[in-house]
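Structure data (CSV, C-alpha atoms) from input_20.csv:
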chain,number,residue,atom,x,y,z
A,57,ARG,CA,-40.2,-51.3,2.7
A,58,ASN,CA,-37.6,-48.8,3.7
A,59,SER,CA,-35.7,-51.3,5.9
A,60,ILE,CA,-35.1,-53.8,3.2
A,61,ILE,CA,-35.1,-51.7,0.0
A,62,HIS,CA,-31.3,-51.2,0.0
A,63,LEU,CA,-30.9,-55.0,-0.4
A,64,PHE,CA,-32.8,-55.1,-3.6
A,65,VAL,CA,-32.4,-51.6,-5.2
A,66,LEU,CA,-30.2,-52.7,-8.1
A,67,GLU,CA,-32.5,-55.5,-9.1
A,68,ALA,CA,-35.5,-53.2,-8.6
A,69,LEU,CA,-34.0,-50.6,-10.9
A,70,VAL,CA,-33.4,-53.1,-13.7
A,71,CYS,CA,-36.9,-54.5,-13.3
A,72,CYS,CA,-38.5,-51.1,-13.5
A,73,ALA,CA,-36.4,-50.3,-16.5
A,74,MET,CA,-37.6,-53.5,-18.1
A,75,TYR,CA,-41.2,-52.7,-17.3
A,76,LYS,CA,-41.0,-49.8,-19.7
A,77,TYR,CA,-40.7,-52.3,-22.5
A,78,VAL,CA,-42.7,-55.4,-21.4
A,79,SER,CA,-45.8,-53.8,-19.8
A,80,ASP,CA,-47.5,-53.9,-23.2
A,81,ASP,CA,-45.8,-56.9,-24.7
A,82,PRO,CA,-44.3,-59.4,-22.1
A,83,SER,CA,-42.5,-61.3,-24.9
A,84,TYR,CA,-40.6,-58.2,-26.1
A,85,SER,CA,-36.8,-58.8,-26.6
A,86,ILE,CA,-34.9,-55.8,-25.1
A,87,PRO,CA,-31.4,-55.0,-26.5
A,88,ILE,CA,-29.1,-55.1,-23.5
A,89,ASP,CA,-27.5,-51.7,-24.4
A,90,GLU,CA,-31.0,-50.1,-24.6
A,91,LEU,CA,-32.0,-51.6,-21.2
A,92,LYS,CA,-28.7,-50.4,-19.7
A,93,ASP,CA,-29.4,-46.8,-20.9
A,94,SER,CA,-32.9,-46.9,-19.4
A,95,CYS,CA,-31.5,-48.3,-16.1
A,96,LEU,CA,-28.8,-45.6,-16.0
A,97,PHE,CA,-31.5,-43.0,-16.5
A,98,LEU,CA,-33.5,-44.3,-13.5
A,99,SER,CA,-30.4,-44.8,-11.4
A,100,GLN,CA,-29.2,-41.2,-12.0
A,101,SER,CA,-32.7,-39.8,-11.5
A,102,LEU,CA,-33.0,-41.5,-8.1
A,103,LYS,CA,-29.4,-41.0,-7.0
A,104,TRP,CA,-30.4,-39.0,-3.8
A,105,GLU,CA,-32.8,-41.8,-2.7
A,106,PHE,CA,-30.4,-44.7,-2.5
A,107,VAL,CA,-26.8,-45.4,-1.7
A,108,TYR,CA,-25.0,-47.3,-4.5
A,109,ASN,CA,-21.8,-49.3,-4.2
A,110,PRO,CA,-19.1,-46.7,-4.6
A,111,PHE,CA,-16.4,-49.3,-5.4
A,112,GLN,CA,-18.0,-50.6,-8.6
A,113,GLU,CA,-18.8,-48.9,-11.9
A,114,PHE,CA,-22.3,-48.8,-13.2
A,115,ASP,CA,-21.5,-51.2,-16.1
A,116,THR,CA,-20.2,-53.8,-13.6
A,117,ASN,CA,-23.2,-53.4,-11.3
A,118,PHE,CA,-25.6,-53.7,-14.2
A,119,ALA,CA,-23.9,-56.9,-15.6
A,120,VAL,CA,-23.9,-58.6,-12.1
A,121,THR,CA,-27.5,-57.6,-11.5
A,122,LEU,CA,-28.6,-59.1,-14.9
A,123,GLN,CA,-26.9,-62.3,-14.1
A,124,ALA,CA,-28.5,-62.4,-10.6
A,125,LEU,CA,-32.0,-61.9,-12.1
A,126,GLN,CA,-31.4,-64.7,-14.7
A,127,ASP,CA,-30.3,-67.0,-11.9
A,128,ARG,CA,-33.6,-66.2,-10.1
A,129,ASN,CA,-35.7,-67.0,-13.2
A,130,VAL,CA,-36.8,-63.4,-13.7
A,131,ILE,CA,-35.2,-62.8,-17.1
A,132,ASN,CA,-33.5,-64.7,-19.9
A,133,ILE,CA,-30.3,-63.4,-21.4
A,134,SER,CA,-29.9,-64.5,-25.0
A,135,GLU,CA,-26.8,-64.9,-27.1
A,136,ASP,CA,-27.9,-62.1,-29.4
A,137,HIS,CA,-27.5,-59.7,-26.4
A,138,THR,CA,-31.2,-59.2,-25.7
A,139,VAL,CA,-33.1,-59.7,-22.5
A,140,THR,CA,-36.6,-61.2,-22.2
A,141,TYR,CA,-39.0,-61.5,-19.3
A,142,THR,CA,-39.7,-65.1,-18.2
A,143,ASN,CA,-43.1,-66.7,-17.7
A,144,TYR,CA,-42.1,-68.6,-14.6
A,145,LYS,CA,-44.4,-68.0,-11.7
A,146,SER,CA,-41.6,-67.4,-9.2
A,147,GLY,CA,-40.0,-65.0,-11.6
A,148,LYS,CA,-43.2,-63.0,-12.1
A,149,LEU,CA,-43.8,-62.7,-8.4
A,150,LEU,CA,-40.2,-61.5,-7.8
A,151,PHE,CA,-40.4,-59.1,-10.7
A,152,SER,CA,-43.6,-57.6,-9.3
A,153,PHE,CA,-42.2,-57.3,-5.8
A,154,LEU,CA,-39.0,-55.6,-7.1
A,155,CYS,CA,-41.0,-53.1,-9.2
A,156,HIS,CA,-43.2,-52.2,-6.3
A,157,LEU,CA,-40.2,-51.2,-4.2
A,158,ILE,CA,-39.3,-48.5,-6.7
A,159,TRP,CA,-42.6,-47.4,-8.2
A,160,PRO,CA,-43.5,-45.0,-5.4
A,161,PHE,CA,-40.3,-43.1,-6.1
A,162,ILE,CA,-40.9,-43.0,-9.8
A,163,ASP,CA,-44.5,-41.9,-9.2
A,164,ASN,CA,-43.2,-39.0,-7.1
A,165,TYR,CA,-40.5,-37.9,-9.6
A,166,TRP,CA,-43.1,-38.0,-12.4
A,167,MET,CA,-45.5,-36.0,-10.4
A,168,VAL,CA,-42.9,-33.4,-9.6
A,169,SER,CA,-41.8,-33.2,-13.2
A,170,ALA,CA,-45.5,-32.7,-14.2
A,171,SER,CA,-45.9,-30.0,-11.6
A,172,LEU,CA,-43.3,-27.9,-13.4
A,173,TYR,CA,-46.0,-26.9,-15.9
A,174,SER,CA,-47.3,-24.7,-13.1
A,175,ILE,CA,-44.2,-22.4,-13.4
A,176,PHE,CA,-43.9,-22.6,-17.2
A,177,PRO,CA,-42.4,-20.9,-19.0
A,178,ASP,CA,-40.3,-18.6,-16.8
A,179,ASN,CA,-42.2,-17.9,-13.5
A,180,LEU,CA,-40.0,-17.3,-10.6
A,181,VAL,CA,-41.7,-18.7,-7.4
A,182,GLU,CA,-40.8,-19.0,-3.8
A,183,GLU,CA,-39.7,-22.5,-2.9
A,184,SER,CA,-41.9,-22.9,0.2
A,185,SER,CA,-44.9,-21.7,-1.7
A,186,TYR,CA,-44.1,-24.1,-4.6
A,187,LEU,CA,-43.8,-27.1,-2.3
A,188,LYS,CA,-47.2,-26.4,-0.8
A,189,ASN,CA,-48.8,-26.3,-4.2
A,190,VAL,CA,-47.0,-29.5,-5.3
A,191,GLN,CA,-48.4,-31.3,-2.2
A,192,ILE,CA,-51.9,-30.2,-3.2
A,193,PHE,CA,-51.2,-31.3,-6.8
A,194,ALA,CA,-49.9,-34.7,-5.6
A,195,GLN,CA,-52.9,-35.3,-3.3
A,196,THR,CA,-55.3,-34.4,-6.0
A,197,LEU,CA,-53.6,-36.8,-8.5
A,198,PHE,CA,-53.8,-39.6,-5.9
A,199,ASP,CA,-57.4,-38.9,-5.1
A,200,MET,CA,-58.2,-39.0,-8.9
A,201,GLY,CA,-56.3,-42.3,-9.3
A,202,ASP,CA,-53.4,-40.8,-11.3
A,203,LEU,CA,-50.9,-41.8,-8.6
A,204,SER,CA,-50.9,-45.4,-7.4
A,205,PHE,CA,-48.9,-44.9,-4.2
A,206,PHE,CA,-49.6,-42.6,-1.3
A,207,GLU,CA,-45.9,-42.5,-0.6
A,208,ALA,CA,-45.5,-40.5,-3.8
A,209,VAL,CA,-47.2,-37.5,-1.9
A,210,SER,CA,-44.2,-37.4,0.5
A,211,THR,CA,-42.7,-33.9,1.0
A,212,GLY,CA,-39.3,-35.3,1.7
A,213,MET,CA,-39.3,-37.2,-1.5
A,214,THR,CA,-40.5,-34.2,-3.4
A,215,LYS,CA,-37.6,-32.1,-2.0
A,216,LEU,CA,-35.1,-34.7,-3.2
A,217,ALA,CA,-36.7,-34.8,-6.6
A,218,LEU,CA,-36.3,-31.0,-6.9
A,219,LYS,CA,-32.7,-31.3,-5.7
A,220,ARG,CA,-32.0,-33.8,-8.5
A,221,PHE,CA,-33.8,-31.7,-11.1
A,222,ALA,CA,-31.7,-28.7,-10.1
A,223,GLU,CA,-28.5,-30.8,-10.4
A,224,ALA,CA,-29.6,-32.0,-13.9
A,225,ASN,CA,-30.2,-28.3,-15.0
A,226,ILE,CA,-33.9,-28.7,-15.4
A,227,ILE,CA,-34.7,-26.1,-12.8
A,228,LYS,CA,-32.7,-23.5,-10.9
A,229,ILE,CA,-33.0,-23.1,-7.1
A,230,PHE,CA,-31.3,-20.0,-5.8
A,231,THR,CA,-31.4,-17.5,-2.9
A,232,ILE,CA,-33.2,-14.3,-3.7
A,233,ASN,CA,-32.6,-12.2,-0.5
A,234,ASN,CA,-30.5,-11.8,2.6
A,235,LYS,CA,-33.0,-13.8,4.6
A,236,GLY,CA,-32.2,-16.9,2.8
A,237,VAL,CA,-35.5,-17.2,0.9
A,238,LYS,CA,-35.1,-19.6,-2.0
A,239,ALA,CA,-36.9,-19.5,-5.4
A,240,ILE,CA,-37.4,-22.0,-8.2
A,241,GLN,CA,-37.4,-21.3,-12.0
A,242,LEU,CA,-37.2,-23.5,-15.1
A,243,CYS,CA,-33.8,-23.5,-16.8
A,244,PRO,CA,-33.9,-21.9,-20.3
A,245,GLN,CA,-33.8,-25.2,-22.1
A,246,TYR,CA,-37.0,-26.3,-20.4
A,247,GLN,CA,-38.8,-23.1,-21.0
A,248,ASP,CA,-39.5,-24.7,-24.4
A,249,ILE,CA,-42.8,-26.7,-24.1
A,250,THR,CA,-41.5,-29.6,-26.2
A,251,GLU,CA,-38.5,-30.1,-23.9
A,252,LEU,CA,-40.6,-30.0,-20.8
A,253,LYS,CA,-43.2,-32.3,-22.3
A,254,ASN,CA,-40.5,-34.8,-23.4
A,255,PHE,CA,-39.0,-34.8,-19.9
A,256,VAL,CA,-42.4,-35.6,-18.3
A,257,ILE,CA,-43.0,-38.3,-20.8
A,258,GLN,CA,-39.5,-39.9,-20.2
A,259,MET,CA,-40.2,-40.0,-16.4
A,260,GLY,CA,-43.6,-41.5,-17.0
A,261,LYS,CA,-42.5,-44.4,-19.1
A,262,TYR,CA,-41.4,-46.3,-16.0
A,263,ARG,CA,-44.6,-45.9,-14.0
A,264,ARG,CA,-46.9,-48.7,-13.1
A,265,LYS,CA,-49.6,-49.1,-15.8
A,266,GLY,CA,-53.1,-48.5,-14.5
A,267,THR,CA,-56.6,-48.0,-15.8
A,268,TYR,CA,-56.9,-44.3,-14.9
A,269,GLN,CA,-53.3,-43.3,-14.8
A,270,SER,CA,-51.6,-40.9,-17.1
A,271,ARG,CA,-48.3,-42.8,-17.4
A,272,SER,CA,-46.5,-40.0,-19.2
A,273,PHE,CA,-48.2,-36.8,-20.4
A,274,SER,CA,-51.8,-35.7,-20.8
A,275,LYS,CA,-53.6,-32.4,-21.2
A,276,LYS,CA,-55.5,-33.3,-18.1
A,277,VAL,CA,-52.4,-33.5,-15.9
A,278,ARG,CA,-51.0,-30.3,-17.4
A,279,ASN,CA,-54.2,-28.4,-16.9
A,280,LEU,CA,-54.5,-29.6,-13.4
A,281,ALA,CA,-51.0,-28.4,-12.6
A,282,LEU,CA,-51.9,-25.0,-13.9
A,283,LYS,CA,-55.1,-24.9,-11.8
A,284,ILE,CA,-53.4,-26.1,-8.7
A,285,SER,CA,-50.9,-23.2,-8.9
A,286,PRO,CA,-52.5,-20.5,-10.9
A,287,ASN,CA,-50.8,-17.2,-11.9
A,288,GLN,CA,-47.8,-17.6,-9.6
A,289,PRO,CA,-46.5,-14.1,-8.8
A,290,ARG,CA,-43.0,-13.2,-9.9
A,291,LEU,CA,-40.7,-12.4,-7.0

Show how you would write the structure in this file as structure tokens.
Amino acid sequence: RNSIIHLFVLEALVCCAMYKYVSDDPSYSIPIDELKDSCLFLSQSLKWEFVYNPFQEFDTNFAVTLQALQDRNVINISEDHTVTYTNYKSGKLLFSFLCHLIWPFIDNYWMVSASLYSIFPDNLVEESSYLKNVQIFAQTLFDMGDLSFFEAVSTGMTKLALKRFAEANIIKIFTINNKGVKAIQLCPQYQDITELKNFVIQMGKYRRKGTYQSRSFSKKVRNLALKISPNQPRL
């Protein structure tokens, strides 16, 4: 997967953004601007995982990618500026292949977002301790069937997710002593349960739909996060 993913990353991002809309209704017509916003969210969320073309703007890449997917019978672009999923067998196979390239990353970023319940509302925890607890949380979710891909348990991927969340001002990562020990805390905006819940829901909308999976938010996942990392001490 890793050796070829860079060849398909743009198409895969668009397909996963489409999946948010067509997983329940394959005939749904998606407004192009709405699809573009969803694709931009995914692209920005996963910016540390992939290298994008630095010489083209997002709008240009998006338009070129849509046309390429239409040429490959994956989507139809209508004159009313909407996009629909095709029913061609070749298109379905390619759509599924492309989504599977990105889904492990989305699973991980959703899992990490859900793990933030363990430090809600304003617990300050050592980064190394938090990473260990997140790995337990991820393994438990995988064993329960709430994560589809074992790659989502990756520590390296989790670190990049935290880096991106810090960049997006969802969490703060800072040094707390002269030994270089780092700590994590939710930013003030996400110390509001509604804001945190909405963020977890937003990440979950792009996940693969499964029988046992919590695609966005559930009390079960939140309670599990609290149990995996109970009563984190303040540093």

Within 10 Å of Arg278 (chain A) using all atoms listed in the file, minus same-chain residues under 2 positions, as a compact mmCIF listing (two decimals) with C-alpha atoms, in the frame of the given file:
# COMPACT_ATOMS: atom_id res chain seq x y z
CA ALA A 170 -45.50 -32.70 -14.20
CA SER A 171 -45.90 -30.00 -11.60
CA LEU A 172 -43.30 -27.90 -13.40
CA TYR A 173 -46.00 -26.90 -15.90
CA SER A 174 -47.30 -24.70 -13.10
CA LYS A 253 -43.20 -32.30 -22.30
CA PHE A 273 -48.20 -36.80 -20.40
CA SER A 274 -51.80 -35.70 -20.80
CA LYS A 275 -53.60 -32.40 -21.20
CA LYS A 276 -55.50 -33.30 -18.10
CA LEU A 280 -54.50 -29.60 -13.40
CA ALA A 281 -51.00 -28.40 -12.60
CA LEU A 282 -51.90 -25.00 -13.90
CA LYS A 283 -55.10 -24.90 -11.80
CA ILE A 284 -53.40 -26.10 -8.70

Nearest residue to Ala119 (chain A) out of A:Leu91, A:Ile226, A:Ile232, A:Val277, using only C-alpha atoms? A:Leu91

Excluding same-chain residues fewer than 4 positions from Thr121 (chain A), what lies within 12 Å of it counting all atoms listed in the file, as a list in words? Leu63, Phe64, Val65, Leu66, Glu67, Ala68, Leu69, Val70, Cys71, Lys92, Cys95, Phe114, Asp115, Thr116, Asn117, Leu125, Gln126, Asp127, Arg128, Val130, Ile131 and Ile133 of chain A

Dump C-alpha atoms for the selected residues as an mmCIF file, in the frame of the given file?
data_model
loop_
_atom_site.group_PDB
_atom_site.id
_atom_site.type_symbol
_atom_site.label_atom_id
_atom_site.label_comp_id
_atom_site.auth_asym_id
_atom_site.auth_seq_id
_atom_site.Cartn_x
_atom_site.Cartn_y
_atom_site.Cartn_z
ATOM 1 C CA LEU A 63 -30.900 -55.000 -0.400
ATOM 2 C CA PHE A 64 -32.800 -55.100 -3.600
ATOM 3 C CA VAL A 65 -32.400 -51.600 -5.200
ATOM 4 C CA LEU A 66 -30.200 -52.700 -8.100
ATOM 5 C CA GLU A 67 -32.500 -55.500 -9.100
ATOM 6 C CA ALA A 68 -35.500 -53.200 -8.600
ATOM 7 C CA LEU A 69 -34.000 -50.600 -10.900
ATOM 8 C CA VAL A 70 -33.400 -53.100 -13.700
ATOM 9 C CA CYS A 71 -36.900 -54.500 -13.300
ATOM 10 C CA LYS A 92 -28.700 -50.400 -19.700
ATOM 11 C CA CYS A 95 -31.500 -48.300 -16.100
ATOM 12 C CA PHE A 114 -22.300 -48.800 -13.200
ATOM 13 C CA ASP A 115 -21.500 -51.200 -16.100
ATOM 14 C CA THR A 116 -20.200 -53.800 -13.600
ATOM 15 C CA ASN A 117 -23.200 -53.400 -11.300
ATOM 16 C CA LEU A 125 -32.000 -61.900 -12.100
ATOM 17 C CA GLN A 126 -31.400 -64.700 -14.700
ATOM 18 C CA ASP A 127 -30.300 -67.000 -11.900
ATOM 19 C CA ARG A 128 -33.600 -66.200 -10.100
ATOM 20 C CA VAL A 130 -36.800 -63.400 -13.700
ATOM 21 C CA ILE A 131 -35.200 -62.800 -17.100
ATOM 22 C CA ILE A 133 -30.300 -63.400 -21.400
#

Report, in Å with one decimal, the straight-line distance from CA of Leu150 (chain A) to CA of Glu90 (chain A). 22.3 Å

With a distance cut-off of 9 Å and only C-alpha atoms, select the neighbouring residues of Tyr77 (chain A), excluding the residue or stretch itself and same-chain residues fewer than 6 positions from it, and output the selection as JSON, numbers by chain. {"A": [84, 85, 86, 91, 261, 262]}

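Computed from the coordinates, the CA of Phe193 (chain A) to CA of Met74 (chain A) distance equals 28.4 Å.
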
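Reported to one decimal place, the separation of CA of Phe221 (chain A) from CA of Val168 (chain A) is 9.4 Å.
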
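Residues of protein, DNA and RNA with at least one atom no farther than 10 Å from (-33.2, -41.2, -9.5) are, using all atoms listed in the file, A:Leu69, A:Cys95, A:Leu96, A:Phe97, A:Leu98, A:Ser99, A:Gln100, A:Ser101, A:Leu102, A:Lys103, A:Trp104, A:Glu105, A:Phe106, A:Ile158, A:Phe161, A:Ile162, A:Tyr165, A:Leu216, A:Ala217, A:Arg220, A:Phe221, A:Met259.
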
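Shortest separation to Tyr141 (chain A) among A:Lys265, A:Lys235, A:Lys228, A:Lys76 occurs at residue A:Lys76, atoms counted being only C-alpha atoms.
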
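Using all atoms listed in the file, the smallest distance between any of A:Val256, A:Ala194, A:Cys155, A:Ala224 and Ile61 (chain A) comes from A:Cys155.
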
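With distances taken over all atoms listed in the file, A:Ser210 is the one residue among A:Ser169, A:Asn164, A:Thr138, A:Ser210 lying closest to Lys188 (chain A).
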
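Shortest separation to Pro244 (chain A) among A:Asp202, A:Glu207, A:Phe176, A:Leu187 occurs at residue A:Phe176, atoms counted being only C-alpha atoms.
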
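In this comparison, which uses all atoms listed in the file, the residue of A:Ala124, A:Phe230, A:Lys238, A:Asn143 approaching Ser185 (chain A) most closely is A:Lys238.
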
Padded axis-aligned box of region 127-146 of chain A (5 Å per side), centre and edge lengths, Å, one decimal, as AutoDock Vina command-line options:
--center_x -35.6 --center_y -63.9 --center_z -19.3 --size_x 27.6 --size_y 19.4 --size_z 30.2
